[in-house]
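Taking it in order: structure first as structure tokens, then the write-up.
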Amino acid sequence: MTTEDAILEALKGVMDPELGLNVVELGMIPEVRLAGTHAIIGVALTIAACPMRTQIEGDVERRVLSLPGVETVEIRTTVMRRAQRATLMERARKNARDNAQQTQVSATTRVIAVASGKGGVGKSTLTANLAVAMASLGLEVGVLDADIWGFSIPRALGATDRIRASEKKLLQPVTAHGVKVISTGLITESEETALMWRGLMLSKALEQFLTQVEWGELDYLLIDMPPGTGDVQMALSRLLPQAEMLVVTTPQLAAQKVAIRVADMARRSFMPILGAVENMSHFECAHGEKYAVFGNGGGTRLSEDLNIPLLGQIPLDPAVVEGQDTGRPVVAYLPANPAAVAITELAEALMRVLPIADAESCVGRLAHIFDNFPPLPEDLLTP
Ligand code: ADP
């Protein structure tokens, strides 16, 4: 069961997108109380009109709900006093000075780890197609293929260029279908030489991809997780505490059971689960009849068991396989295909639960307010 300390620990995964520090360190969580399964969390914002408000409150709620034993969350939002604000700004400035960024991923980037318990459920296929769907909406999207020796992202996205080093000695992602891609498949000569990577620790490779790749300002970074390994999840939550997980399963009971194990590991490393997606849900024949090839209900059961939303059900469709094999993602080449439509809807659902960081910043507003009206106007101080 959860304790108040564990809640505070979990809240260290909520980043203030523009200050680049977590809300606990910034002193934005003045209260944490647990009454049975009900958690009461105080959130102190810099200003009441903070454009990040919904995002921060939503992130706090998801983090806390991801803990075992917490069923309901009540967020009590207040506004910082002048002295608290000054302390916060001082901490943020000190942090910026001390920790020249540990990873190359911006604090404003939303990170989605796409995971499944076992291989073959379509995790890479969905990652590639989701990224393309998001990029086609004009967003900056990156895909990190953390499936170091089982990589399939380069082929799925038809990426053939090689990764190059920039003058700053950082690695440059390859761009395919408007998405920035990093994969061991783009370093090695051929798929066969991937065997050479077997000696490399998965978590170490992930760390290199996060610290030595010039990602630039991304809205979303999707990470294709290797199947079922706890150490990579641990490394990810240490390196990118803002990461959240999407669990992929198929309707089969066996797939759903292993998916639960992955989700459980995520929770133990305080990584919230955004939701589940059921892939290969059914097959629709030319006459419109639906066949449950892999059975029924795996996604629904998973979402019920874990108390997470089922964000999508993607039908089984030969066009998906063909797109995956030829580097022509179905969402881009056959957007009206039922599977493509379902994946695009899944991308939209993800963007609703994990919206991009607002362009207008609280710090920008604070600076503006301080410049123009040294004493803060009253209405900004009441939430
Ligand atoms: P994973 O990353 O989970 O190991 P892949 O994404 O490599 O799985 O998918 C496994 C196989 O299933 C691939 O051949 C892929 O084209 C196929 N596939 C994935 N999703 C679908 C789908 N919705 N319909 C048909 N085939 C699919």
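Following the order of the structure tokens, chains are lettered A, B, ..., residues in each are numbered from 1, and ligands are numbered from 1.
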- Item | A:Leu34 environment, 12 Å, only C-alpha atoms, sequence neighbours closer than 4 positions dropped, as a list in words |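 Answer for this query is Met1, Thr2, Thr3, Glu4, Asp5, Ala6, Ile7, Leu8, His38, Ala39, Ile40, Ile41, Gly42, Val64, Leu67, Gly69, Val70, Glu71, Thr72, Val73 and Glu74 of chain A.
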Under the rule of at most 7 Å, produce a per-residue listing of chain A near ligand 1: chain, number, name, the closest pair of atoms, and the distance in Å, as CSV, using only C-alpha atoms and all ligand atoms.
```
residue,atom,partner,partner_atom_place_in_ligand_line,distance
A:Ser116,CA,ligand 1,3 (O),6.7
A:Lys118,CA,ligand 1,3 (O),6.7
A:Gly119,CA,ligand 1,4 (O),3.7
A:Gly120,CA,ligand 1,4 (O),3.5
A:Val121,CA,ligand 1,3 (O),3.9
A:Gly122,CA,ligand 1,6 (O),3.2
A:Lys123,CA,ligand 1,3 (O),3.7
A:Ser124,CA,ligand 1,2 (O),3.7
A:Thr125,CA,ligand 1,6 (O),3.7
A:Leu126,CA,ligand 1,6 (O),6.4
A:Ser152,CA,ligand 1,7 (O),6.3
A:Asn279,CA,ligand 1,23 (N),5.5
A:Met280,CA,ligand 1,23 (N),4.5
A:Ile314,CA,ligand 1,23 (N),5.5
A:Pro315,CA,ligand 1,23 (N),5.1
A:Leu316,CA,ligand 1,24 (N),3.4
A:Asp317,CA,ligand 1,24 (N),4.0
A:Pro318,CA,ligand 1,25 (C),5.2
A:Val320,CA,ligand 1,25 (C),5.0
A:Val321,CA,ligand 1,16 (O),3.4
A:Glu322,CA,ligand 1,16 (O),6.7
A:Gln324,CA,ligand 1,16 (O),5.1
A:Asp325,CA,ligand 1,16 (O),6.7
A:Ala339,CA,ligand 1,23 (N),6.2
```
Dump as a CSV table (one decimal), in the first residue's frame, selection limited to N, CA, C and O atoms:
```
chain,number,residue,atom,x,y,z
A,116,SER,N,5.0,-3.5,-24.1
A,116,SER,CA,4.1,-4.7,-24.1
A,116,SER,C,4.9,-5.8,-23.3
A,116,SER,O,6.1,-5.7,-23.2
A,118,LYS,N,5.1,-9.0,-24.2
A,118,LYS,CA,5.8,-9.9,-25.1
A,118,LYS,C,5.9,-9.3,-26.5
A,118,LYS,O,5.1,-8.4,-26.8
A,119,GLY,N,6.7,-9.9,-27.3
A,119,GLY,CA,6.9,-9.4,-28.7
A,119,GLY,C,5.7,-9.8,-29.6
A,119,GLY,O,4.9,-10.7,-29.2
A,120,GLY,N,5.6,-9.2,-30.7
A,120,GLY,CA,4.7,-9.6,-31.7
A,120,GLY,C,3.3,-9.1,-31.6
A,120,GLY,O,2.4,-9.5,-32.3
A,121,VAL,N,3.0,-8.2,-30.6
A,121,VAL,CA,1.7,-7.7,-30.4
A,121,VAL,C,1.4,-6.4,-31.2
A,121,VAL,O,0.3,-5.9,-31.2
A,122,GLY,N,2.5,-5.9,-31.9
A,122,GLY,CA,2.3,-4.7,-32.7
A,122,GLY,C,2.8,-3.4,-32.0
A,122,GLY,O,2.4,-2.3,-32.5
A,123,LYS,N,3.7,-3.6,-31.1
A,123,LYS,CA,4.2,-2.4,-30.3
A,123,LYS,C,4.9,-1.5,-31.3
A,123,LYS,O,4.7,-0.3,-31.3
A,124,SER,N,5.8,-2.0,-32.1
A,124,SER,CA,6.6,-1.2,-33.0
A,124,SER,C,5.8,-0.6,-34.1
A,124,SER,O,5.9,0.6,-34.5
A,125,THR,N,4.8,-1.4,-34.6
A,125,THR,CA,3.9,-0.9,-35.6
A,125,THR,C,3.1,0.3,-35.1
A,125,THR,O,3.0,1.3,-35.8
A,126,LEU,N,2.6,0.2,-33.9
A,126,LEU,CA,1.8,1.3,-33.4
A,126,LEU,C,2.7,2.5,-33.1
A,126,LEU,O,2.3,3.6,-33.4
A,152,SER,N,12.7,-2.6,-35.2
A,152,SER,CA,12.0,-2.7,-36.5
A,152,SER,C,11.5,-1.4,-36.9
A,152,SER,O,10.8,-1.2,-37.9
A,279,ASN,N,-4.5,-4.2,-29.7
A,279,ASN,CA,-4.2,-4.3,-31.2
A,279,ASN,C,-4.6,-5.6,-31.7
A,279,ASN,O,-4.8,-6.6,-30.9
A,280,MET,N,-4.9,-5.7,-33.0
A,280,MET,CA,-5.3,-6.9,-33.7
A,280,MET,C,-6.7,-7.4,-33.1
A,280,MET,O,-6.9,-8.5,-32.8
A,314,ILE,N,-7.5,-1.5,-32.2
A,314,ILE,CA,-7.0,-1.4,-33.6
A,314,ILE,C,-7.3,-2.7,-34.3
A,314,ILE,O,-6.8,-3.8,-33.9
A,315,PRO,N,-8.0,-2.7,-35.4
A,315,PRO,CA,-8.3,-4.0,-36.1
A,315,PRO,C,-7.1,-4.6,-36.8
A,315,PRO,O,-6.1,-3.9,-37.0
A,316,LEU,N,-7.3,-5.9,-37.0
A,316,LEU,CA,-6.2,-6.6,-37.7
A,316,LEU,C,-6.4,-6.3,-39.2
A,316,LEU,O,-7.6,-6.4,-39.7
A,317,ASP,N,-5.4,-5.9,-39.9
A,317,ASP,CA,-5.6,-5.5,-41.3
A,317,ASP,C,-4.3,-5.8,-42.1
A,317,ASP,O,-3.3,-5.3,-41.7
A,318,PRO,N,-4.4,-6.5,-43.2
A,318,PRO,CA,-3.2,-6.8,-44.0
A,318,PRO,C,-2.5,-5.5,-44.5
A,318,PRO,O,-1.3,-5.5,-44.6
A,320,VAL,N,-1.7,-3.0,-42.8
A,320,VAL,CA,-0.8,-2.6,-41.7
A,320,VAL,C,0.5,-3.4,-41.9
A,320,VAL,O,1.6,-2.8,-41.8
A,321,VAL,N,0.4,-4.7,-42.2
A,321,VAL,CA,1.6,-5.5,-42.4
A,321,VAL,C,2.4,-5.0,-43.6
A,321,VAL,O,3.6,-4.8,-43.5
A,322,GLU,N,1.7,-4.7,-44.6
A,322,GLU,CA,2.3,-4.3,-45.9
A,322,GLU,C,3.1,-2.9,-45.6
A,322,GLU,O,4.2,-2.7,-46.0
A,324,GLN,N,4.1,-1.8,-42.9
A,324,GLN,CA,5.2,-2.0,-41.9
A,324,GLN,C,6.4,-2.6,-42.7
A,324,GLN,O,7.6,-2.3,-42.4
A,325,ASP,N,6.2,-3.5,-43.6
A,325,ASP,CA,7.2,-4.1,-44.4
A,325,ASP,C,7.9,-3.3,-45.4
A,325,ASP,O,9.0,-3.5,-45.8
A,339,ALA,N,-7.8,0.4,-39.9
A,339,ALA,CA,-6.8,0.3,-38.9
A,339,ALA,C,-6.1,1.7,-38.8
A,339,ALA,O,-5.8,2.2,-37.7
```
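The smallest atom-to-atom distance between A:Thr184 and any of A:Leu157, A:Ala146, A:Met234, A:Val277, using only C-alpha atoms, is found for A:Ala146.
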- Item | Point-to-point distance from atom CA of A:Leu26 to atom CA of A:Thr46, Å rounded to tenths |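 So the two atoms, atom CA of A:Leu26 and atom CA of A:Thr46, lie 10.2 Å apart.
Across the model, the gap from atom CA of A:Gly230 to atom CA of A:Ala176 is 29.5 Å.
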Mind checking which residues fall within 8 Å of A:Thr77, counting only C-alpha atoms, ignoring those fewer than 4 positions away in the same chain, and posting them as a short mmCIF file (atom, residue, chain, number, x, y, z; two decimals) with C-alpha atoms, in the first residue's frame?
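After the write, around29.cif holds the following:
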```cif
data_model
loop_
_atom_site.label_atom_id
_atom_site.label_comp_id
_atom_site.auth_asym_id
_atom_site.auth_seq_id
_atom_site.Cartn_x
_atom_site.Cartn_y
_atom_site.Cartn_z
CA GLY A 42 -1.97 20.68 -2.43
CA VAL A 43 -0.63 22.31 -5.57
CA ALA A 44 0.78 25.83 -5.28
CA LEU A 45 1.02 27.62 -8.60
CA PRO A 383 -7.08 30.70 -7.80
#
```
- Extract, using only C-alpha atoms, all DNA, RNA and protein residues at most 7 Å from stretch 261-274 of chain A, discarding same-chain residues fewer than 3 positions from it, and format them as a ChimeraX atom specification. /A:10,62-63,66-67,116-117,228,230,233-234,237,243-246,257-258
Residue subset to file, keeping all heavy atoms, as a short mmCIF file (atom, residue, chain, number, x, y, z; two decimals), in the first residue's frame:
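Dumped to out36.cif:
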```
data_model
loop_
_atom_site.label_atom_id
_atom_site.label_comp_id
_atom_site.auth_asym_id
_atom_site.auth_seq_id
_atom_site.Cartn_x
_atom_site.Cartn_y
_atom_site.Cartn_z
N ALA A 10 6.59 9.86 -5.97
CA ALA A 10 5.98 9.74 -7.30
C ALA A 10 5.81 11.10 -7.95
O ALA A 10 5.94 11.26 -9.17
CB ALA A 10 4.63 9.03 -7.19
N ARG A 62 -2.63 12.05 -12.35
CA ARG A 62 -2.29 10.75 -12.94
C ARG A 62 -1.21 10.04 -12.15
O ARG A 62 -1.24 8.84 -11.96
CB ARG A 62 -1.83 10.94 -14.38
CG ARG A 62 -2.90 10.69 -15.40
CD ARG A 62 -2.32 10.47 -16.77
NE ARG A 62 -1.19 11.33 -17.05
CZ ARG A 62 -1.28 12.60 -17.41
NH1 ARG A 62 -2.45 13.15 -17.52
NH2 ARG A 62 -0.19 13.31 -17.64
N ARG A 63 -0.17 10.81 -11.74
CA ARG A 63 0.92 10.20 -10.96
C ARG A 63 0.38 9.55 -9.70
O ARG A 63 0.75 8.45 -9.34
CB ARG A 63 1.94 11.26 -10.54
CG ARG A 63 2.79 11.79 -11.64
CD ARG A 63 4.03 10.95 -11.84
NE ARG A 63 4.46 11.14 -13.22
CZ ARG A 63 5.49 10.53 -13.79
NH1 ARG A 63 6.21 9.69 -13.12
NH2 ARG A 63 5.78 10.75 -15.04
N SER A 66 -1.68 6.50 -10.13
CA SER A 66 -0.94 5.32 -10.61
C SER A 66 -0.41 4.50 -9.44
O SER A 66 0.08 3.39 -9.64
CB SER A 66 0.22 5.76 -11.51
OG SER A 66 1.30 6.23 -10.74
N LEU A 67 -0.52 5.02 -8.23
CA LEU A 67 0.01 4.28 -7.09
C LEU A 67 -1.00 3.26 -6.57
O LEU A 67 -2.20 3.54 -6.54
CB LEU A 67 0.38 5.26 -5.96
CG LEU A 67 1.53 6.20 -6.31
CD1 LEU A 67 1.65 7.30 -5.29
CD2 LEU A 67 2.84 5.43 -6.41
N SER A 116 4.98 -3.53 -24.09
CA SER A 116 4.11 -4.71 -24.08
C SER A 116 4.85 -5.80 -23.34
O SER A 116 6.06 -5.74 -23.19
CB SER A 116 3.81 -5.17 -25.51
OG SER A 116 4.99 -5.65 -26.10
N GLY A 117 4.11 -6.77 -22.88
CA GLY A 117 4.78 -7.84 -22.14
C GLY A 117 5.60 -8.74 -23.03
O GLY A 117 6.67 -9.19 -22.67
N GLY A 228 9.15 -6.50 -22.27
CA GLY A 228 9.22 -7.07 -20.93
C GLY A 228 10.47 -6.95 -20.08
O GLY A 228 10.71 -7.82 -19.27
N GLY A 230 12.53 -5.05 -17.14
CA GLY A 230 12.37 -4.09 -16.06
C GLY A 230 13.50 -3.08 -15.99
O GLY A 230 13.27 -1.92 -15.64
N GLN A 233 12.95 0.03 -18.07
CA GLN A 233 11.93 0.91 -17.46
C GLN A 233 12.51 1.71 -16.31
O GLN A 233 12.24 2.89 -16.16
CB GLN A 233 10.78 0.07 -16.94
CG GLN A 233 9.88 -0.40 -18.04
CD GLN A 233 8.70 -1.14 -17.48
OE1 GLN A 233 8.42 -1.08 -16.30
NE2 GLN A 233 8.00 -1.83 -18.34
N MET A 234 13.30 1.02 -15.49
CA MET A 234 13.93 1.70 -14.35
C MET A 234 14.85 2.82 -14.85
O MET A 234 14.82 3.94 -14.35
CB MET A 234 14.78 0.72 -13.54
CG MET A 234 13.96 -0.26 -12.76
SD MET A 234 12.98 0.59 -11.53
CE MET A 234 12.70 -0.69 -10.37
N SER A 237 12.81 5.77 -16.13
CA SER A 237 12.17 6.65 -15.15
C SER A 237 13.23 7.45 -14.38
O SER A 237 12.93 8.51 -13.85
CB SER A 237 11.22 5.90 -14.23
OG SER A 237 11.84 4.79 -13.70
N ALA A 243 8.44 10.52 -18.17
CA ALA A 243 7.92 9.49 -19.08
C ALA A 243 6.65 8.84 -18.53
O ALA A 243 6.53 8.62 -17.34
CB ALA A 243 8.99 8.43 -19.31
N GLU A 244 5.73 8.55 -19.43
CA GLU A 244 4.51 7.83 -19.06
C GLU A 244 4.32 6.68 -20.04
O GLU A 244 4.89 6.70 -21.12
CB GLU A 244 3.29 8.77 -19.07
CG GLU A 244 3.55 10.00 -18.20
CD GLU A 244 2.31 10.76 -17.81
OE1 GLU A 244 1.23 10.18 -17.77
OE2 GLU A 244 2.46 11.97 -17.54
N MET A 245 3.53 5.68 -19.63
CA MET A 245 3.51 4.46 -20.43
C MET A 245 2.18 4.18 -21.13
O MET A 245 1.12 4.40 -20.57
CB MET A 245 3.86 3.28 -19.53
CG MET A 245 3.92 1.97 -20.28
SD MET A 245 4.43 0.63 -19.21
CE MET A 245 6.16 0.92 -19.18
N LEU A 246 2.29 3.69 -22.36
CA LEU A 246 1.13 3.17 -23.09
C LEU A 246 1.35 1.66 -23.20
O LEU A 246 2.39 1.23 -23.70
CB LEU A 246 1.05 3.80 -24.49
CG LEU A 246 -0.01 3.23 -25.42
CD1 LEU A 246 -1.41 3.60 -24.94
CD2 LEU A 246 0.17 3.76 -26.84
N LYS A 257 -2.09 -11.01 -19.63
CA LYS A 257 -1.42 -11.33 -18.37
C LYS A 257 -0.01 -10.77 -18.32
O LYS A 257 0.42 -10.22 -17.31
CB LYS A 257 -1.38 -12.86 -18.17
CG LYS A 257 -2.64 -13.37 -17.54
CD LYS A 257 -2.44 -14.79 -17.04
CE LYS A 257 -3.72 -15.27 -16.39
NZ LYS A 257 -3.95 -16.69 -16.63
N VAL A 258 0.73 -10.91 -19.44
CA VAL A 258 2.10 -10.37 -19.42
C VAL A 258 2.08 -8.84 -19.43
O VAL A 258 2.95 -8.19 -18.86
CB VAL A 258 2.99 -10.90 -20.58
CG1 VAL A 258 3.49 -12.27 -20.28
CG2 VAL A 258 2.30 -10.83 -21.90
#
```
